[in-house]
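work07.cif (mmCIF, C-alpha atoms)
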```cif
data_model
#
loop_
_atom_site.label_atom_id
_atom_site.label_comp_id
_atom_site.auth_asym_id
_atom_site.auth_seq_id
_atom_site.Cartn_x
_atom_site.Cartn_y
_atom_site.Cartn_z
CA MET A 1 83.14 113.79 87.38
CA ARG A 2 85.77 111.05 87.13
CA TYR A 3 86.55 108.87 90.15
CA ALA A 4 89.27 106.30 90.83
CA VAL A 5 88.61 103.16 92.85
CA ILE A 6 91.58 101.07 94.03
CA LEU A 7 90.90 97.44 94.92
CA ALA A 8 93.25 96.54 97.75
CA GLY A 9 91.81 93.52 99.50
CA GLY A 10 94.27 90.70 98.82
CA GLN A 11 96.70 89.33 101.39
CA GLY A 12 99.47 88.27 99.02
CA ARG A 13 100.67 84.93 100.37
CA ARG A 14 103.40 84.77 97.71
CA LEU A 15 105.16 87.52 99.69
CA TRP A 16 105.16 85.56 102.95
CA PRO A 17 106.65 85.86 105.58
CA MET A 18 106.50 89.67 105.33
CA SER A 19 102.92 89.61 104.08
CA ARG A 20 100.62 88.34 106.82
CA SER A 21 96.90 88.28 107.50
CA ALA A 22 97.25 91.51 109.52
CA ARG A 23 99.65 93.17 107.05
CA PRO A 24 98.89 92.54 103.37
CA LYS A 25 101.36 92.93 100.54
CA GLN A 26 100.00 96.30 99.39
CA LEU A 27 101.12 97.85 102.69
CA LEU A 28 104.67 96.47 102.67
CA PRO A 29 107.34 99.19 102.24
CA LEU A 30 109.13 97.46 99.38
CA LEU A 31 109.63 100.35 96.95
CA GLU A 32 112.21 102.75 98.36
CA GLY A 33 110.39 102.78 101.67
CA LYS A 34 106.94 103.17 100.10
CA SER A 35 104.20 100.59 99.79
CA LEU A 36 102.59 99.47 96.55
CA LEU A 37 99.35 101.13 97.66
CA GLU A 38 101.06 104.45 98.38
CA VAL A 39 102.68 104.35 94.95
CA ALA A 40 99.32 103.52 93.34
CA VAL A 41 97.66 106.56 94.91
CA GLU A 42 100.59 108.82 93.99
CA ARG A 43 100.40 107.54 90.40
CA LEU A 44 96.73 108.50 90.17
CA SER A 45 97.17 111.93 91.77
CA GLY A 46 98.10 113.40 88.38
CA SER A 47 94.52 112.89 87.16
CA PHE A 48 92.37 112.40 90.27
CA ALA A 49 92.05 114.71 93.27
CA PRO A 50 92.17 113.03 96.72
CA GLU A 51 88.42 113.52 97.14
CA ALA A 52 87.90 111.53 93.91
CA ILE A 53 89.91 108.47 95.06
CA TYR A 54 88.38 105.56 96.99
CA VAL A 55 90.06 102.41 98.31
CA ILE A 56 88.14 99.17 98.86
CA THR A 57 90.03 96.86 101.22
CA ASN A 58 89.48 94.23 103.88
CA ALA A 59 87.95 95.62 107.07
CA GLU A 60 90.91 94.15 108.95
CA TYR A 61 93.27 96.39 106.95
CA ALA A 62 91.10 99.51 106.82
CA ALA A 63 92.65 101.39 109.74
CA ALA A 64 96.23 100.72 108.60
CA THR A 65 95.29 101.63 105.03
CA ALA A 66 93.73 104.92 106.08
CA GLN A 67 96.78 105.71 108.20
CA ALA A 68 99.06 105.05 105.21
CA LEU A 69 96.98 107.38 103.01
CA PRO A 70 96.39 110.52 105.09
CA GLN A 71 95.70 112.57 101.93
CA LEU A 72 92.39 110.76 101.38
CA PRO A 73 89.30 112.23 103.06
CA PRO A 74 87.60 110.32 105.89
CA GLY A 75 85.32 107.62 104.58
CA HIS A 76 87.29 107.07 101.38
CA VAL A 77 88.87 103.87 102.68
CA VAL A 78 86.09 101.29 102.89
CA GLY A 79 86.52 97.90 104.54
CA GLU A 80 84.76 94.75 103.34
CA PRO A 81 83.76 92.63 106.37
CA VAL A 82 84.52 89.47 104.38
CA GLY A 83 86.30 88.91 101.07
CA ARG A 84 83.94 88.22 98.18
CA ASP A 85 86.29 88.67 95.18
CA THR A 86 86.25 91.59 92.78
CA ALA A 87 82.62 91.68 91.56
CA PRO A 88 81.13 92.55 94.99
CA ALA A 89 84.00 95.01 95.58
CA VAL A 90 83.18 96.77 92.30
CA ALA A 91 79.46 96.67 93.13
CA LEU A 92 80.17 98.19 96.55
CA ALA A 93 82.22 101.01 95.01
CA ALA A 94 79.48 101.64 92.45
CA ALA A 95 76.87 101.79 95.22
CA ILE A 96 78.99 104.31 97.14
CA LEU A 97 79.52 106.52 94.09
CA GLY A 98 75.80 106.31 93.38
CA GLY A 99 75.28 108.23 96.61
CA VAL A 100 78.01 110.73 95.76
CA ASP A 101 77.61 111.44 92.03
CA PRO A 102 75.09 109.45 89.96
CA ALA A 103 76.69 110.82 86.75
CA ALA A 104 80.16 109.57 87.72
CA THR A 105 82.72 107.93 85.48
CA MET A 106 84.32 105.15 87.53
CA ALA A 107 87.86 103.88 86.91
CA VAL A 108 88.94 100.72 88.74
CA PHE A 109 92.61 100.04 89.49
CA THR A 110 94.69 97.47 91.34
CA ALA A 111 96.95 98.13 94.31
CA ASP A 112 99.80 95.75 93.55
CA HIS A 113 101.27 96.73 90.19
CA ILE A 114 104.16 98.87 89.05
CA ILE A 115 103.14 100.99 86.06
CA ARG A 116 105.56 103.35 84.35
CA PRO A 117 106.03 105.90 82.95
CA VAL A 118 103.18 107.55 84.79
CA GLU A 119 102.49 110.05 82.01
CA ALA A 120 101.83 107.28 79.47
CA PHE A 121 99.61 105.46 81.96
CA LEU A 122 97.50 108.54 82.67
CA ALA A 123 97.16 109.16 78.93
CA SER A 124 95.73 105.65 78.56
CA VAL A 125 93.37 106.26 81.48
CA ASP A 126 92.16 109.49 79.89
CA ARG A 127 91.58 107.66 76.60
CA ALA A 128 89.59 104.94 78.36
CA CYS A 129 87.49 107.48 80.26
CA GLY A 130 86.76 109.24 77.01
CA ALA A 131 85.69 105.96 75.38
CA ALA A 132 83.34 105.16 78.28
CA GLU A 133 81.85 108.65 78.23
CA ALA A 134 81.38 108.56 74.45
CA ASP A 135 79.42 105.29 74.66
CA ARG A 136 77.79 105.39 78.07
CA GLN A 137 76.80 101.72 77.94
CA ALA A 138 80.31 100.46 77.17
CA LEU A 139 82.52 98.64 79.67
CA VAL A 140 86.17 99.47 78.98
CA THR A 141 89.15 97.38 80.04
CA PHE A 142 92.91 97.86 79.69
CA GLY A 143 95.02 95.37 77.76
CA VAL A 144 98.78 95.00 78.01
CA ARG A 145 100.44 93.87 74.78
CA ALA A 146 101.59 90.28 75.32
CA THR A 147 105.33 90.05 74.64
CA TRP A 148 106.00 86.52 75.92
CA PRO A 149 103.86 83.42 76.66
CA HIS A 150 102.82 84.19 80.24
CA THR A 151 100.72 81.34 81.67
CA GLY A 152 99.79 83.11 84.89
CA LEU A 153 97.59 85.78 83.32
CA GLY A 154 94.29 85.88 81.47
CA TYR A 155 94.21 87.25 77.93
CA ILE A 156 91.97 89.64 75.99
CA GLU A 157 91.40 89.07 72.28
CA ALA A 158 91.18 92.39 70.47
CA GLY A 159 88.54 92.65 67.77
CA GLN A 160 87.62 95.48 65.43
CA TYR A 161 89.42 98.79 65.81
CA VAL A 162 86.84 101.32 66.96
CA GLY A 163 89.09 104.38 66.77
CA GLU A 164 91.06 106.69 69.07
CA GLY A 165 93.15 103.78 70.38
CA VAL A 166 90.06 101.73 71.28
CA PHE A 167 89.23 98.16 70.19
CA ALA A 168 86.10 96.07 70.49
CA VAL A 169 86.76 92.99 72.61
CA ALA A 170 86.32 89.73 70.71
CA GLY A 171 86.71 87.54 73.79
CA PHE A 172 88.44 86.76 77.06
CA LYS A 173 90.75 83.78 77.50
CA GLU A 174 91.49 82.04 80.79
CA LYS A 175 95.04 81.46 81.99
CA PRO A 176 96.42 79.25 79.19
CA ASP A 177 98.94 76.46 79.00
CA HIS A 178 102.29 77.30 77.43
CA GLN A 179 101.32 76.21 73.91
CA ALA A 180 98.15 78.31 73.90
CA ALA A 181 100.01 81.27 75.36
CA ARG A 182 102.57 81.07 72.54
CA GLN A 183 99.76 81.08 69.98
CA TYR A 184 98.23 84.14 71.64
CA VAL A 185 101.50 86.05 71.50
CA GLU A 186 102.17 85.06 67.89
CA SER A 187 98.68 86.14 66.80
CA GLY A 188 99.38 89.76 67.70
CA LYS A 189 95.72 90.12 68.67
CA HIS A 190 95.93 89.05 72.29
CA TYR A 191 96.72 91.22 75.26
CA TRP A 192 97.33 90.44 78.92
CA ASN A 193 94.29 91.21 81.04
CA SER A 194 95.34 93.98 83.44
CA GLY A 195 92.32 93.68 85.72
CA MET A 196 91.65 97.42 85.44
CA PHE A 197 88.50 98.99 84.03
CA VAL A 198 86.61 102.19 83.23
CA TRP A 199 82.86 102.67 82.84
CA THR A 200 80.11 105.14 83.56
CA LEU A 201 78.17 104.47 86.71
CA GLU A 202 75.01 103.84 84.69
CA ALA A 203 76.82 101.21 82.58
CA ILE A 204 78.23 99.18 85.47
CA GLN A 205 75.08 99.45 87.55
CA GLY A 206 73.01 98.27 84.59
CA ALA A 207 75.37 95.34 84.04
CA LEU A 208 75.30 94.39 87.71
CA ARG A 209 71.51 94.50 87.79
CA GLU A 210 71.48 92.21 84.73
CA PHE A 211 74.18 89.70 85.68
CA LEU A 212 74.34 89.92 89.50
CA PRO A 213 70.86 91.13 90.40
CA GLU A 214 70.87 89.87 93.97
CA THR A 215 74.20 91.55 94.74
CA ALA A 216 72.99 94.81 93.20
CA ARG A 217 69.75 94.63 95.19
CA ARG A 218 71.44 93.89 98.51
CA LEU A 219 73.79 96.87 98.07
CA GLU A 220 71.08 99.41 97.23
CA PRO A 221 70.90 100.56 100.89
CA VAL A 222 74.58 101.57 100.63
CA THR A 223 73.70 104.28 98.12
CA ARG A 224 71.00 105.62 100.42
CA ALA A 225 73.32 105.51 103.44
CA VAL A 226 76.04 107.46 101.62
CA ARG A 227 73.53 110.02 100.36
CA ASP A 228 72.06 110.46 103.84
CA GLY A 229 75.38 110.44 105.72
CA GLY A 230 74.74 107.09 107.42
CA GLN A 231 77.28 104.57 108.74
CA LEU A 232 78.42 101.91 106.29
CA ALA A 233 80.15 99.42 108.59
CA PRO A 234 77.02 98.05 110.35
CA LEU A 235 75.16 97.87 107.05
CA LEU A 236 77.98 96.00 105.29
CA ALA A 237 78.35 93.59 108.21
CA GLU A 238 74.72 92.67 107.70
CA VAL A 239 74.54 92.33 103.90
CA TYR A 240 78.05 91.48 102.70
CA PRO A 241 78.41 87.86 103.87
CA ALA A 242 75.41 86.88 101.71
CA LEU A 243 76.92 88.27 98.48
CA THR A 244 78.03 85.85 95.77
CA LYS A 245 81.80 85.35 95.70
CA ILE A 246 82.84 85.89 92.07
CA SER A 247 85.25 87.97 90.00
CA ILE A 248 84.11 90.90 87.90
CA ASP A 249 85.55 89.14 84.83
CA TYR A 250 83.41 86.03 85.24
CA ALA A 251 80.33 87.85 86.50
CA VAL A 252 80.18 90.75 84.05
CA MET A 253 82.99 91.32 81.55
CA GLU A 254 82.77 87.93 79.83
CA ARG A 255 78.98 88.25 79.50
CA ALA A 256 78.48 91.92 78.62
CA ARG A 257 77.56 92.92 75.09
CA THR A 258 79.49 96.17 74.65
CA VAL A 259 83.06 95.71 75.87
CA ARG A 260 85.96 97.84 74.69
CA MET A 261 89.72 97.67 75.25
CA VAL A 262 92.34 100.39 75.43
CA GLU A 263 95.95 99.31 75.14
CA LEU A 264 97.92 100.24 78.22
CA GLY A 265 100.81 101.95 76.49
CA CYS A 266 103.36 101.61 79.27
CA GLU A 267 105.30 99.09 81.35
CA TRP A 268 103.07 97.00 83.63
CA LEU A 269 104.57 94.72 86.26
CA ASP A 270 102.81 92.52 88.79
CA VAL A 271 104.76 92.64 92.06
CA GLY A 272 103.04 89.55 93.39
CA SER A 273 106.08 87.44 94.23
CA TRP A 274 109.59 87.84 95.59
CA PRO A 275 111.39 87.29 92.24
CA ALA A 276 109.32 90.12 90.74
CA LEU A 277 111.21 92.57 92.96
CA GLY A 278 114.17 92.08 90.63
CA GLU A 279 112.23 93.90 87.92
CA VAL A 280 111.44 96.98 90.00
CA SER A 281 114.36 97.31 92.45
CA GLU A 282 117.96 98.42 92.11
CA LEU A 283 120.39 95.51 91.65
CA ASP A 284 123.93 95.20 92.95
CA ASP A 285 126.83 94.28 90.64
CA ASP A 286 125.92 90.59 90.89
CA GLY A 287 122.25 91.04 90.09
CA ASN A 288 121.06 90.72 93.68
CA VAL A 289 118.14 92.64 95.16
CA VAL A 290 119.25 93.60 98.67
CA LEU A 291 116.58 95.26 100.79
CA ALA A 292 118.20 94.95 104.20
CA GLU A 293 119.76 97.37 106.66
CA ASN A 294 122.65 94.99 107.35
CA ALA A 295 123.74 92.47 104.74
CA VAL A 296 126.98 90.90 103.49
CA VAL A 297 126.81 89.00 100.21
CA LEU A 298 129.76 86.93 98.95
CA ASP A 299 130.01 84.93 95.72
CA SER A 300 126.25 85.00 95.25
CA GLU A 301 124.24 86.11 92.22
CA ARG A 302 120.65 86.96 91.25
CA ASN A 303 119.20 86.57 94.76
CA VAL A 304 116.42 88.44 96.51
CA ILE A 305 117.60 89.30 100.02
CA VAL A 306 115.17 91.09 102.34
CA SER A 307 115.09 91.91 106.05
CA GLU A 308 112.72 94.21 107.91
CA ASP A 309 114.96 94.83 110.94
CA ALA A 310 118.65 95.26 111.79
CA HIS A 311 119.31 91.52 111.81
CA LEU A 312 122.46 90.78 109.78
CA LEU A 313 121.94 88.66 106.70
CA ALA A 314 125.18 86.97 105.59
CA VAL A 315 124.78 85.15 102.26
CA MET A 316 127.56 83.12 100.65
CA GLY A 317 127.71 80.82 97.63
CA MET A 318 124.02 81.02 96.76
CA ASP A 319 122.51 81.85 93.39
CA ASP A 320 118.90 82.42 92.29
CA CYS A 321 117.49 82.22 95.80
CA VAL A 322 115.01 84.12 97.96
CA ILE A 323 116.07 84.92 101.54
CA VAL A 324 113.54 86.88 103.60
CA HIS A 325 113.95 87.55 107.32
CA THR A 326 111.25 88.80 109.70
CA PRO A 327 111.39 88.88 113.52
CA ASP A 328 109.52 85.58 113.85
CA ALA A 329 109.96 83.73 110.55
CA THR A 330 112.59 83.29 107.84
CA LEU A 331 112.09 82.06 104.30
CA ILE A 332 114.83 80.47 102.17
CA CYS A 333 113.93 78.96 98.81
CA ARG A 334 114.94 78.79 95.19
CA LYS A 335 113.41 81.50 93.00
CA GLY A 336 111.88 78.80 90.87
CA ASP A 337 109.97 77.46 93.87
CA SER A 338 108.58 80.81 94.96
CA GLN A 339 105.28 80.21 93.15
CA ARG A 340 104.68 77.34 95.60
CA LEU A 341 104.65 79.63 98.62
CA LYS A 342 100.91 79.29 99.09
CA ALA A 343 101.37 75.54 99.60
CA LEU A 344 104.18 76.19 102.06
CA VAL A 345 102.07 78.66 104.05
CA ASP A 346 99.29 76.06 104.14
CA GLN A 347 101.77 73.62 105.68
CA VAL A 348 102.90 76.23 108.22
CA SER A 349 99.29 76.93 109.16
CA ALA A 350 98.50 73.23 109.49
CA ARG A 351 101.36 72.79 111.95
CA TYR A 352 101.28 76.08 113.88
CA GLY A 353 97.75 77.37 113.40
CA GLN A 354 97.39 81.13 112.91
CA ARG A 355 100.66 82.00 114.66
CA TYR A 356 102.53 82.77 111.43
CA GLU A 357 99.66 83.64 109.11
#
```

So that I can check it, write out the structure of this file as structure tokens.
Amino acid sequence: MRYAVILAGGQGRRLWPMSRSARPKQLLPLLEGKSLLEVAVERLSGSFAPEAIYVITNAEYAAATAQALPQLPPGHVVGEPVGRDTAPAVALAAAILGGVDPAATMAVFTADHIIRPVEAFLASVDRACGAAEADRQALVTFGVRATWPHTGLGYIEAGQYVGEGVFAVAGFKEKPDHQAARQYVESGKHYWNSGMFVWTLEAIQGALREFLPETARRLEPVTRAVRDGGQLAPLLAEVYPALTKISIDYAVMERARTVRMVELGCEWLDVGSWPALGEVSELDDDGNVVLAENAVVLDSERNVIVSEDAHLLAVMGMDDCVIVHTPDATLICRKGDSQRLKALVDQVSARYGQRYE
């Protein structure tokens, strides 16, 4: 059977001040009143039944996540007691599925992307699942055709065409400088790394035992607990802090021998910053994104204007800015400075402690 695992553990500091330690970006109602996580689950519902969808998140967010996704069965939202990056999260999901269905095909998705049209996305997922099931030792990733020299993403170099829309992977490239990114785009062989994957359970468990043996060993009791109906939280609290903190790309994908890529034949947008909302939200006549109950905008263009309460936002004579109001903090910055929000939040934390985190 095919299962979907959504990784939803990040806080998203580039969406501060709405995104906080107790309310991560994937739970913010930014898309017509829905959160990115809700949209991600809805997107998958065309191919995966609720009982085949699992969410791995931070234990601090688990209750709110489960409340936001009432269609998922109990136990399908799993909280990590501490963040350990994507490799342990994948290993945890694999250990859980090992107790549910040892013959599973496991598809791993992110919680903070807009992907459309859904039909084209699900067709790519089906193709990737088929590729993983045809070669049960293959690790399959999704590549997004690079259309401009993005320096904030990793790249996948496509190798030999295997067939049925599947390529061998010739290599992975780290986030490049602008010159290297231009060369990647011009080559026509490089794709943006989507951070989404498909593999059989036997393939990923074999890879984890080879490349992260201690992590795989420490999580073996999870499989037994799931199979026997035991409680996961106490077990994870004991074993998880000792796991190596590393991404699945570094730990496994860049070292594995049989890696395949399926082109994601649809639009793929990372909603990881305030300016990105302009690509997924309705704009007014002046190109502004206005997500506020009460707002007046005069002689202002291409702004992102957001409020989560009835507070009036009056904006005049401002272009290319981000204005975000919350009950206890307000952000005003140029769009071009929005990538520096992590540094700003560090400054806020240094001065005020955890009050605004």

When you count all atoms listed in the file, which of these residues is closest to Glu38 of chain A: A:Val222, A:Cys333, A:Ile114, A:Leu92?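 Closest residue, counting all atoms listed in the file: A:Ile114.
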
If you count only C-alpha atoms, which residues fall within 8 Å of Met261 of chain A, apart from same-chain ones fewer than 5 positions away, as a ChimeraX atom specification? /A:128,140-143,158,166-169

If the PyMOL selection byres ((chain A and resi 27) around 8) were run on this exact file, what residues would it hold? Put them as a list in words. Arg23, Pro24, Lys25, Gln26, Leu28, Pro29, Ser35, Leu36, Leu37, Glu38, Thr65 and Ala68 of chain A

Expand the PyMOL selection byres ((chain A and resi 133) around 12) into the individual residues it matches in the shown file, reporting them as number ranges by chain. A: 1-2, 103-107, 126-132, 134-140, 198-203

For the point (114.2, 91.8, 114.9) in file coordinates, what residues are within 8 Å, counting only C-alpha atoms? Give the answer as an mmCIF file with C-alpha atoms, in the coordinates of the input?
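Contents of point-v5.cif, freshly written:
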```
data_model
loop_
_atom_site.group_PDB
_atom_site.id
_atom_site.type_symbol
_atom_site.label_atom_id
_atom_site.label_comp_id
_atom_site.auth_asym_id
_atom_site.auth_seq_id
_atom_site.Cartn_x
_atom_site.Cartn_y
_atom_site.Cartn_z
ATOM 1 C CA GLU A 308 112.720 94.210 107.910
ATOM 2 C CA ASP A 309 114.960 94.830 110.940
ATOM 3 C CA ALA A 310 118.650 95.260 111.790
ATOM 4 C CA HIS A 311 119.310 91.520 111.810
ATOM 5 C CA THR A 326 111.250 88.800 109.700
ATOM 6 C CA PRO A 327 111.390 88.880 113.520
ATOM 7 C CA ASP A 328 109.520 85.580 113.850
#
```

I'd like the residues picked by the PyMOL selection byres ((chain A and resi 187) around 12) written out as a list of chain:residue names, using the chain letters and numbers from the file. A:Arg145, A:Ala146, A:Thr147, A:Trp148, A:Pro149, A:Ile156, A:Glu157, A:Ala158, A:Ala180, A:Ala181, A:Arg182, A:Gln183, A:Tyr184, A:Val185, A:Glu186, A:Gly188, A:Lys189, A:His190, A:Tyr191

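Distance annotation: of A:Ala329, A:Val315, A:Gly159, A:Phe197, the residue with the minimal separation from Val345 of chain A is A:Ala329; atom set is all atoms listed in the file.
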
Residue neighbourhood segment 282-297 of chain A, 10 Å, all atoms listed in the file, exclusion window fewer than 3 positions, as a PyMOL selection string: chain A and resi 30-33+274-275+277-279+300-325

Set the distance at 9 Å and use all atoms listed in the file: which residues neighbour Glu254 of chain A once local chain neighbours fewer than 5 positions away are removed? I'd like the list as a PyMOL selection string. chain A and resi 171-172+248-249+259

Check the smallest atom-to-atom distance from each of A:Gly272, A:Ala256, A:Ala251, A:Ser21 to Leu341 of chain A using all atoms listed in the file, then report the winner.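 Looking at the shortest contact to Leu341 of chain A, the residue is A:Gly272.
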
Who sits within 8 Å of Thr151 of chain A, all atoms listed in the file, same chain under 3 positions skipped, as an MDAnalysis selection string: chainID A and resid 154 175:178 181

Kindly save the residues from that selection, with C-alpha atoms included, as an mmCIF file, keeping the file's coordinate frame.
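Dumped everything to selection.cif:
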```cif
data_model
loop_
_atom_site.group_PDB
_atom_site.id
_atom_site.type_symbol
_atom_site.label_atom_id
_atom_site.label_comp_id
_atom_site.auth_asym_id
_atom_site.auth_seq_id
_atom_site.Cartn_x
_atom_site.Cartn_y
_atom_site.Cartn_z
ATOM 1 C CA GLY A 154 94.290 85.880 81.470
ATOM 2 C CA LYS A 175 95.040 81.460 81.990
ATOM 3 C CA PRO A 176 96.420 79.250 79.190
ATOM 4 C CA ASP A 177 98.940 76.460 79.000
ATOM 5 C CA HIS A 178 102.290 77.300 77.430
ATOM 6 C CA ALA A 181 100.010 81.270 75.360
#
```

At what distance in Å, to one decimal, does atom CA of Leu264 of chain A lie from atom CA of Tyr155 of chain A? 13.5 Å

Quick one, how far is atom CA of Arg43 of chain A from atom CA of Val118 of chain A? 6.3 Å

Could you list, as a VMD selection string, every residue within 10 Å of Ala237 of chain A, counting only C-alpha atoms and ignoring same-chain residues fewer than 2 positions away? chain A and resid 59 79 to 82 232 to 235 239 to 242

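For the atom pair formed by atom CA of Ala64 of chain A and atom CA of Pro88 of chain A, the distance is 21.9 Å, given to one decimal.
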
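With all atoms listed in the file as the atoms that count, the minimum distance from His113 of chain A to the choices A:Pro70, A:Gly195, A:Gly98, A:Pro213 is reached by A:Gly195.
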